[in-house]
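One structure is given below, encoded as structure tokens.
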Protein chains: 2
Amino acid sequence: MTESESESKFLKSYNPKDFDSPLCTVDMAIIAVEAGELKVLLVQRSEHPHKGCWALPGGFADLKRDNSIEATAHRKLAEKTGIKTPYLEQVESIGNAMRDPRGWSITLLYFALIDFEALSIKEGAVTGSEQTQWMSIHDALKCELAFDHALLLRKAINRLRNKTRYTALPISLMPETFTLTELQTMFELILGTSLQKKSFRRRLEASGLLIGSGDMRSTARRPAALFKRSDSFKSDHVFPGLLDVEIESL
Amino acid sequence: MTESESESKFLKSYNPKDFDSPLCTVDMAIIAVEAGELKVLLVQRSEHPHKGCWALPGGFADLKRDNSIEATAHRKLAEKTGIKTPYLEQVESIGNAMRDPRGWSITLLYFALIDFEALSIKEGAVTGSEQTQWMSIHDALKCELAFDHALLLRKAINRLRNKTRYTALPISLMPETFTLTELQTMFELILGTSLQKKSFRRRLEASGLLIGSGDMRSTARRPAALFKRSDSFKSDHVFPGLLDVEIESL
DNA sequence: CCAATAGTGTCTATTAGACAGTATTTC
DNA sequence: GAAATACTGTCTAATAGACACTATTGG
């Protein structure tokens with residue numbers, strides 16, 4: 001018997017269910033800004049365990065439909081928000097015997113940043129019999145989420161905050177066009193501090209990530225130039241230096 | 001029936017094996033420096049699939065013995081190297097339908113940095129009937145590792161290189177005491193470039209991570225001061241600025 | 001003209017790069 | 001003293017912080 005015959009014979013008799021395997025899920029911290037607050041999308045669990053509790057959206061990978069875990073994450077996101085091209089990043093995987101009463105369980109945590117205005121499914125939507133809600137990060141961390149989802153949410157927010165110090169990531173939370181002041185306000189909201197206007201504008205100018213749209217936002221006072229993402233835009237662009245900001249770790 | 005009775009009834013009738021679940025493994029890129037080269041610990045697979053191929057050490061979590069995936073990673077590391085307190089960091093999780101011929105599979109990738117001299121199990125050890133080997137990173141990336149392990153190794157090395165630009169991580173690869181020149185050589189080995197001696201010493205001095213051991217290394221020429229980790233040492237200390245170095249992404 | 005917001009000029013502080021210069025050892 | 005390696009002095013370059021200043025709008 002050749003090696004390859006031996007291998008295919010082995011594979012034929014192999015049944016993954018013969019082994020103890022952890023439960024394996026994908027969970028998502030889907031983040032947007034609405035009404036001047038950082039919010040996260042929560043789902044009310046319609047099944048045990050933790051029935052009735054608010055939780056991060058997520059669930060088991062559908063091995064028949066999803067070719068990869070990113071595909072699972074994209075599918076979940078599209079189901080909940082209708083958005084197909086978000087900023088999506090894997091944060092971390094947490095696995096242990098205690099986090100789920102059904103037994104040893106692993107979750108792959110992703111976070112997604114979306115422009116709230118681009119949502120096709122908004123407030124209070126009911127998807128597949130599950131109630132969903134946008135809750136402020138602050139409230140969500142206090143409100144006893146299901147499983148260890150408070151921990152997961154903290155990990156996602158910490159990642160967002162850290163990356164906001166040296167990347168252009170928050171631009172993913174902005175609409176098509178926006179003013180520099182609006183963008184700075186978004187950075188400040190995430191970091192929880194105020195930033196120097198000059199420094200902020202300098203680094204964006206130097207990055208070449210944005211380009212003037214030609215239009216102005218006319219308000220009660222002096223109008224501000226509107227910008228949009230340039231051709232070379234990448235949301236994980238790394239600026240040359242760090243923003244010098246304390247981050248309170250959640 | 002109360003909610004909690006309802007939940008415990010649900011849990012009693014719940015069987016994880018009723019659901020399709022991916023195979024779930026932990027894989028480790030265990031890295032050390034020997035003979036002036038970055039090396040990775042490889043294991044020759046004694047079973048199908050990819051029998052006979054070199055692979056990153058790893059395997060299924062033992063749900064009975066391991067309380068968490070970090071525990072699994074630590075256990076695997078101790079089994080292969082005898083080392084209990086390495087630098088250990090989760091890199092990423094990769095999951096898809098193609099990476100393992102047995103079916104949909106997820107791996108949680110860790111990387112560990114160890115001081116080669118501290119190894120209790122060295123060259124050519126046979127652990128549990130498996131042959132192991134320290135191979136240079138360069139060779140390992142060329143030699144057709146099992147599964148997608150070449151990809152995993154690239155991800156681990158890229159992470160190590162990136163972090164070497166702004167953290168003190170390579171110190172985890174050093175013995176108890178060492179000279180600054182030896183440490184700089186370690187950084188240069190990882191980054192694949194030479195560094196400015198003055199800049200290098202300045203940032204270490206300012207960090208307070210190291211403290212003179214009092215001894216000197218006596219060589220053929222002027223002796224060099226020996227340093228050791230100070231009380232405030234943390235291997236993931238972040239320096240204030242980046243080393244200005246191109247990194248060729250593997 | 002005033003209030004308010006948009007946007008700029010410019011000085012300082014910090015930190016890395018460059019590289020030449022000094023120090024200490026063995027032979 | 002020569003060779004080699006350890007270590008330092010110091011100038012430049014890049015980039016963020018601070019903050020006052022000018023510009024442009026509506027009323």
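Residue names in the structure tokens use chain letters A, B, ... in the order shown, residue numbers from 1 in each chain, and ligand numbers from 1 in the order shown.
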
Item to complete: Write down as a PyMOL selection string the residues belonging to stretch 2-214 of chain B that are assigned alpha helix (DSSP H) by DSSP computed on the backbone.
Response: chain B and resi 3-12+69-81+137-142+149-166+180-191+197-207

Counting only C-alpha atoms (C1' of nucleotides), what are the residues of chain C within 8 Å of chain A, and for each of them which pair of atoms is the nearest and at what distance in Å, to one decimal? Sort the table by chain and rising number, as a Markdown table.
| residue | atom | partner | partner_atom | distance |
| --- | --- | --- | --- | --- |
| C:DA4 | C1' | A:Arg221 | CA | 6.2 |
| C:DT5 | C1' | A:Arg221 | CA | 5.8 |
| C:DA6 | C1' | A:Ala224 | CA | 6.0 |

Keeping only N, CA, C and O atoms (P, O5', C5', C4', C3', O3' and C1' of nucleotides), write the selected residues as an mmCIF file, in the first residue's frame.
data_model
loop_
_atom_site.group_PDB
_atom_site.id
_atom_site.type_symbol
_atom_site.label_atom_id
_atom_site.label_comp_id
_atom_site.auth_asym_id
_atom_site.auth_seq_id
_atom_site.Cartn_x
_atom_site.Cartn_y
_atom_site.Cartn_z
ATOM 1 P P DA C 4 -20.900 82.850 20.836
ATOM 2 O "O5'" DA C 4 -20.428 81.900 19.644
ATOM 3 C "C5'" DA C 4 -21.383 81.554 18.633
ATOM 4 C "C4'" DA C 4 -20.634 80.931 17.504
ATOM 5 C "C3'" DA C 4 -19.629 79.848 17.951
ATOM 6 O "O3'" DA C 4 -19.854 78.687 17.187
ATOM 7 C "C1'" DA C 4 -18.641 81.313 16.421
ATOM 8 P P DT C 5 -19.489 77.245 17.854
ATOM 9 O "O5'" DT C 5 -18.928 76.418 16.613
ATOM 10 C "C5'" DT C 5 -19.493 76.618 15.333
ATOM 11 C "C4'" DT C 5 -18.387 76.853 14.342
ATOM 12 C "C3'" DT C 5 -17.243 75.827 14.397
ATOM 13 O "O3'" DT C 5 -17.300 75.058 13.211
ATOM 14 C "C1'" DT C 5 -16.475 78.016 13.983
ATOM 15 P P DA C 6 -16.144 74.034 12.783
ATOM 16 O "O5'" DA C 6 -15.236 74.948 11.839
ATOM 17 C "C5'" DA C 6 -15.811 75.414 10.620
ATOM 18 C "C4'" DA C 6 -14.713 75.887 9.677
ATOM 19 C "C3'" DA C 6 -13.611 74.867 9.434
ATOM 20 O "O3'" DA C 6 -13.316 74.894 8.046
ATOM 21 C "C1'" DA C 6 -12.695 76.869 10.359
#

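The protein and nucleic acid residues lying at most 9 Å from stretch 18-20 of chain D are Gln196 of chain A; DC11 and DT12 of chain C, with only C-alpha atoms (C1' of nucleotides) considered and sequence neighbours fewer than 4 positions away removed.
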
Can you write out the residues you just picked, keeping all heavy atoms, as a compact mmCIF listing (two decimals), in the first residue's frame?
# COMPACT_ATOMS: atom_id res chain seq x y z
N GLN A 196 -5.36 67.87 19.93
CA GLN A 196 -4.92 69.13 19.36
C GLN A 196 -5.34 69.21 17.89
O GLN A 196 -4.96 68.37 17.08
CB GLN A 196 -3.39 69.24 19.44
CG GLN A 196 -2.86 69.45 20.84
CD GLN A 196 -3.16 70.85 21.36
OE1 GLN A 196 -3.28 71.78 20.55
NE2 GLN A 196 -3.25 70.98 22.66
P DC C 11 8.91 80.86 15.18
OP1 DC C 11 8.79 82.31 15.06
OP2 DC C 11 9.86 80.09 14.32
O5' DC C 11 9.21 80.52 16.72
C5' DC C 11 8.26 80.93 17.71
C4' DC C 11 8.19 79.91 18.83
O4' DC C 11 7.22 78.90 18.49
C3' DC C 11 9.51 79.18 19.09
O3' DC C 11 9.76 79.07 20.49
C2' DC C 11 9.28 77.81 18.46
C1' DC C 11 7.79 77.62 18.68
N1 DC C 11 7.21 76.66 17.73
C2 DC C 11 6.28 75.71 18.17
O2 DC C 11 5.92 75.75 19.35
N3 DC C 11 5.80 74.80 17.30
C4 DC C 11 6.22 74.81 16.02
N4 DC C 11 5.71 73.89 15.20
C5 DC C 11 7.15 75.77 15.54
C6 DC C 11 7.63 76.67 16.42
P DT C 12 11.13 78.44 21.02
OP1 DT C 12 11.67 79.39 21.99
OP2 DT C 12 11.95 77.95 19.88
O5' DT C 12 10.61 77.15 21.81
C5' DT C 12 9.41 77.22 22.59
C4' DT C 12 9.00 75.82 22.98
O4' DT C 12 8.41 75.14 21.83
C3' DT C 12 10.17 74.95 23.44
O3' DT C 12 9.76 74.28 24.63
C2' DT C 12 10.37 73.98 22.28
C1' DT C 12 8.96 73.84 21.73
N1 DT C 12 8.87 73.42 20.31
C2 DT C 12 8.05 72.35 20.00
O2 DT C 12 7.41 71.73 20.82
N3 DT C 12 8.02 72.03 18.66
C4 DT C 12 8.71 72.66 17.64
O4 DT C 12 8.60 72.27 16.48
C5 DT C 12 9.55 73.77 18.04
C7 DT C 12 10.35 74.50 17.00
C6 DT C 12 9.59 74.09 19.35

I'd like the contact shell of C:DA13 - 12 Å cut-off, only C-alpha atoms (C1' of nucleotides), skipping same-chain residues fewer than 3 positions apart - returned as a PDB file with N, CA, C and O atoms (P, O5', C5', C4', C3', O3' and C1' of nucleotides), in the first residue's frame.
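Saved the output as out.pdb:
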ATOM      1  P    DT D  15       7.735  62.313   9.593  1.00  0.00           P
ATOM      2  O5'  DT D  15       7.013  62.658  10.961  1.00  0.00           O
ATOM      3  C5'  DT D  15       7.122  61.743  12.043  1.00  0.00           C
ATOM      4  C4'  DT D  15       6.645  62.438  13.279  1.00  0.00           C
ATOM      5  C3'  DT D  15       5.312  63.181  13.074  1.00  0.00           C
ATOM      6  O3'  DT D  15       4.461  62.815  14.128  1.00  0.00           O
ATOM      7  C1'  DT D  15       6.848  64.520  14.183  1.00  0.00           C
ATOM      8  P    DA D  16       2.882  62.932  14.024  1.00  0.00           P
ATOM      9  O5'  DA D  16       2.556  63.412  15.505  1.00  0.00           O
ATOM     10  C5'  DA D  16       3.000  62.598  16.586  1.00  0.00           C
ATOM     11  C4'  DA D  16       3.023  63.415  17.853  1.00  0.00           C
ATOM     12  C3'  DA D  16       1.738  64.198  18.110  1.00  0.00           C
ATOM     13  O3'  DA D  16       1.380  64.070  19.465  1.00  0.00           O
ATOM     14  C1'  DA D  16       3.597  65.679  18.053  1.00  0.00           C
ATOM     15  P    DG D  17       0.153  64.900  20.033  1.00  0.00           P
ATOM     16  O5'  DG D  17       0.854  66.159  20.726  1.00  0.00           O
ATOM     17  C5'  DG D  17       1.663  65.942  21.884  1.00  0.00           C
ATOM     18  C4'  DG D  17       1.910  67.257  22.596  1.00  0.00           C
ATOM     19  C3'  DG D  17       0.649  68.049  22.937  1.00  0.00           C
ATOM     20  O3'  DG D  17       0.849  68.681  24.201  1.00  0.00           O
ATOM     21  C1'  DG D  17       2.028  69.352  21.557  1.00  0.00           C
ATOM     22  P    DA D  18      -0.394  69.418  24.884  1.00  0.00           P
ATOM     23  O5'  DA D  18      -0.034  70.960  24.750  1.00  0.00           O
ATOM     24  C5'  DA D  18       1.309  71.396  24.928  1.00  0.00           C
ATOM     25  C4'  DA D  18       1.372  72.890  24.650  1.00  0.00           C
ATOM     26  C3'  DA D  18       0.054  73.633  24.901  1.00  0.00           C
ATOM     27  O3'  DA D  18       0.346  74.850  25.558  1.00  0.00           O
ATOM     28  C1'  DA D  18       0.775  74.018  22.686  1.00  0.00           C
TER      29       DA D  18
END

Residues of chain D that approach chain A to 6 Å or less, counting only C-alpha atoms (C1' of nucleotides): could you list each one with the shortest pair of atoms and its distance in Å to one decimal, rows by chain and increasing residue number, as JSON lines?
{"residue": "D:DT24", "atom": "C1'", "partner": "A:Arg222", "partner_atom": "CA", "distance": 5.2}
{"residue": "D:DT25", "atom": "C1'", "partner": "A:Arg222", "partner_atom": "CA", "distance": 3.8}
{"residue": "D:DG26", "atom": "C1'", "partner": "A:Ala220", "partner_atom": "CA", "distance": 5.9}

Discussion item. Residues within 9 Å of stretch 18-22 of chain C, please, as a ChimeraX atom specification. Count only C-alpha atoms (C1' of nucleotides); anything in the same chain fewer than 6 positions from it doesn't count.
Written reply: /B:196 /D:7-9,11-12

Pick out the chain B residues within 6 Å of chain A. Count only C-alpha atoms. Give them as a CSV table (one decimal) with N, CA, C and O atoms, in the first residue's frame.
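Saved the output as result.csv:
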chain,number,residue,atom,x,y,z
B,7,GLU,N,-33.8,26.4,32.2
B,7,GLU,CA,-32.4,26.4,31.7
B,7,GLU,C,-31.7,25.1,32.1
B,7,GLU,O,-31.0,24.5,31.2
B,48,HIS,N,-1.4,10.0,10.0
B,48,HIS,CA,-2.1,10.8,8.9
B,48,HIS,C,-3.0,11.9,9.5
B,48,HIS,O,-3.3,11.7,10.7
B,67,ASN,N,-8.0,23.6,31.2
B,67,ASN,CA,-9.1,24.4,31.5
B,67,ASN,C,-9.3,25.6,30.6
B,67,ASN,O,-10.3,26.2,30.6
B,68,SER,N,-8.3,25.8,29.7
B,68,SER,CA,-8.4,26.9,28.8
B,68,SER,C,-7.4,26.7,27.6
B,68,SER,O,-6.5,25.8,27.7
B,69,ILE,N,-7.6,27.4,26.6
B,69,ILE,CA,-6.6,27.2,25.5
B,69,ILE,C,-5.2,27.7,25.8
B,69,ILE,O,-4.3,27.1,25.3
B,95,GLY,N,-9.5,29.5,10.3
B,95,GLY,CA,-10.4,28.4,10.2
B,95,GLY,C,-11.1,28.4,8.8
B,95,GLY,O,-11.6,29.4,8.4
B,96,ASN,N,-11.0,27.3,8.2
B,96,ASN,CA,-11.7,27.1,6.9
B,96,ASN,C,-11.9,25.7,6.5
B,96,ASN,O,-11.4,24.8,7.2
B,97,ALA,N,-12.5,25.5,5.4
B,97,ALA,CA,-12.9,24.1,5.0
B,97,ALA,C,-11.7,23.4,4.3
B,97,ALA,O,-11.8,22.1,4.2

Worksheet entry | Nearby residues (only C-alpha atoms (C1' of nucleotides)) at most 10 Å from B:Ile171, same-chain spacing under 4 positions excluded, as a PyMOL selection string | chain B and resi 87+113-115+164+167+175-176+178+183-184+186-187+209-210+228-229+233-236

Discussion item. If I take atom C1' of C:DT10 and atom CA of A:Leu204, how far is one from the other in Å, to one decimal?
Written reply: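 Value for the atom C1' of C:DT10-atom CA of A:Leu204 distance: 19.2 Å.
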
Discussion item. One number please: atom CA of B:Ser230 to atom CA of B:Ile211, in Å, one decimal.
Written reply: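 Interatomic distance, atom CA of B:Ser230 to atom CA of B:Ile211: 5.2 Å.
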
What are the DSSP strand (DSSP E) residues of stretch 99-239 of chain A, as a compact mmCIF listing (two decimals) with N, CA, C and O atoms, in the first residue's frame?
# COMPACT_ATOMS: atom_id res chain seq x y z
N SER A 105 -15.83 25.62 25.55
CA SER A 105 -16.24 26.42 24.41
C SER A 105 -15.18 27.43 23.99
O SER A 105 -14.48 28.00 24.82
N ILE A 106 -15.08 27.61 22.70
CA ILE A 106 -14.14 28.58 22.14
C ILE A 106 -14.92 29.58 21.31
O ILE A 106 -15.81 29.20 20.56
N THR A 107 -14.60 30.86 21.45
CA THR A 107 -15.18 31.83 20.53
C THR A 107 -14.09 32.61 19.83
O THR A 107 -13.06 32.93 20.42
N LEU A 108 -14.30 32.84 18.55
CA LEU A 108 -13.41 33.72 17.81
C LEU A 108 -14.09 35.08 17.76
O LEU A 108 -15.16 35.22 17.20
N LEU A 109 -13.44 36.05 18.35
CA LEU A 109 -14.04 37.38 18.47
C LEU A 109 -13.60 38.28 17.33
O LEU A 109 -12.40 38.42 17.06
N TYR A 110 -14.57 38.89 16.66
CA TYR A 110 -14.29 39.87 15.61
C TYR A 110 -14.85 41.21 16.03
O TYR A 110 -15.79 41.28 16.81
N PHE A 111 -14.23 42.30 15.52
CA PHE A 111 -14.99 43.53 15.65
C PHE A 111 -15.15 44.19 14.29
O PHE A 111 -14.32 44.04 13.40
N ALA A 112 -16.30 44.85 14.14
CA ALA A 112 -16.65 45.48 12.88
C ALA A 112 -16.99 46.93 13.15
O ALA A 112 -17.59 47.26 14.17
N LEU A 113 -16.55 47.81 12.26
CA LEU A 113 -16.88 49.22 12.37
C LEU A 113 -17.75 49.60 11.18
O LEU A 113 -17.39 49.33 10.03
N VAL A 126 -36.16 43.08 14.24
CA VAL A 126 -36.31 41.70 14.67
C VAL A 126 -35.85 40.82 13.52
O VAL A 126 -36.45 40.81 12.46
N THR A 127 -34.75 40.14 13.70
CA THR A 127 -34.21 39.29 12.65
C THR A 127 -34.34 37.85 13.12
O THR A 127 -33.79 37.51 14.17
N GLU A 130 -35.27 37.23 16.67
CA GLU A 130 -34.45 37.79 17.75
C GLU A 130 -34.56 39.30 17.79
O GLU A 130 -34.42 39.96 16.77
N GLN A 131 -34.77 39.84 18.95
CA GLN A 131 -34.80 41.29 19.15
C GLN A 131 -33.36 41.82 19.12
O GLN A 131 -32.48 41.22 19.73
N THR A 132 -33.13 42.92 18.41
CA THR A 132 -31.80 43.52 18.43
C THR A 132 -31.89 44.97 18.88
O THR A 132 -32.95 45.58 18.82
N GLN A 133 -30.75 45.51 19.29
CA GLN A 133 -30.74 46.85 19.89
C GLN A 133 -29.34 47.44 19.77
O GLN A 133 -28.34 46.74 19.92
N TRP A 134 -29.27 48.75 19.52
CA TRP A 134 -27.98 49.45 19.61
C TRP A 134 -27.89 50.06 21.00
O TRP A 134 -28.70 50.90 21.36
N MET A 135 -26.89 49.62 21.76
CA MET A 135 -26.76 50.12 23.12
C MET A 135 -25.42 50.85 23.25
O MET A 135 -24.44 50.46 22.63
N SER A 136 -25.39 51.90 24.03
CA SER A 136 -24.12 52.61 24.21
C SER A 136 -23.13 51.66 24.90
O SER A 136 -23.52 50.85 25.74
N THR A 177 -18.83 61.49 3.05
CA THR A 177 -18.09 62.74 3.19
C THR A 177 -18.30 63.30 4.59
O THR A 177 -19.30 63.02 5.24
N PHE A 178 -17.31 64.07 5.02
CA PHE A 178 -17.33 64.59 6.38
C PHE A 178 -16.30 65.71 6.49
O PHE A 178 -15.40 65.81 5.66
N THR A 179 -16.43 66.53 7.51
CA THR A 179 -15.45 67.60 7.72
C THR A 179 -14.37 67.09 8.66
O THR A 179 -14.55 66.09 9.37
N LEU A 210 -7.12 61.33 2.70
CA LEU A 210 -8.36 62.04 2.40
C LEU A 210 -8.15 62.99 1.24
O LEU A 210 -7.03 63.42 0.97
N ILE A 211 -9.24 63.33 0.60
CA ILE A 211 -9.17 64.29 -0.50
C ILE A 211 -10.42 65.16 -0.40
O ILE A 211 -11.49 64.66 -0.03
N GLY A 212 -10.25 66.43 -0.67
CA GLY A 212 -11.39 67.34 -0.61
C GLY A 212 -12.45 66.91 -1.62
O GLY A 212 -12.13 66.52 -2.74
N SER A 213 -13.71 66.94 -1.22
CA SER A 213 -14.77 66.53 -2.14
C SER A 213 -15.16 67.71 -3.03
O SER A 213 -15.92 67.55 -3.97
N GLY A 214 -14.64 68.90 -2.71
CA GLY A 214 -15.01 70.09 -3.47
C GLY A 214 -16.15 70.85 -2.81
O GLY A 214 -16.22 72.06 -2.91
N ASP A 215 -17.01 70.14 -2.11
CA ASP A 215 -18.15 70.80 -1.47
C ASP A 215 -17.78 71.33 -0.08
O ASP A 215 -16.73 70.99 0.46
N MET A 216 -18.67 72.15 0.44
CA MET A 216 -18.54 72.67 1.80
C MET A 216 -19.78 72.29 2.59
O MET A 216 -20.88 72.16 2.03
N ARG A 217 -19.59 72.10 3.88
CA ARG A 217 -20.74 71.93 4.77
C ARG A 217 -21.17 73.31 5.23
O ARG A 217 -20.39 73.99 5.92
N ALA A 224 -17.27 74.52 6.49
CA ALA A 224 -16.08 73.68 6.57
C ALA A 224 -15.96 72.84 5.30
O ALA A 224 -16.97 72.44 4.71
N ALA A 225 -14.73 72.60 4.89
CA ALA A 225 -14.50 71.80 3.69
C ALA A 225 -14.89 70.35 3.96
O ALA A 225 -14.63 69.81 5.03
N LEU A 226 -15.53 69.74 2.98
CA LEU A 226 -15.90 68.33 3.09
C LEU A 226 -14.81 67.48 2.45
O LEU A 226 -14.28 67.82 1.39
N PHE A 227 -14.50 66.38 3.09
CA PHE A 227 -13.49 65.46 2.58
C PHE A 227 -14.12 64.10 2.34
O PHE A 227 -15.14 63.75 2.92
N LYS A 228 -13.45 63.33 1.47
CA LYS A 228 -13.85 61.93 1.29
C LYS A 228 -12.58 61.08 1.26
O LYS A 228 -11.47 61.62 1.17
N ARG A 229 -12.73 59.78 1.32
CA ARG A 229 -11.59 58.87 1.28
C ARG A 229 -10.91 58.99 -0.09
O ARG A 229 -11.59 59.01 -1.11
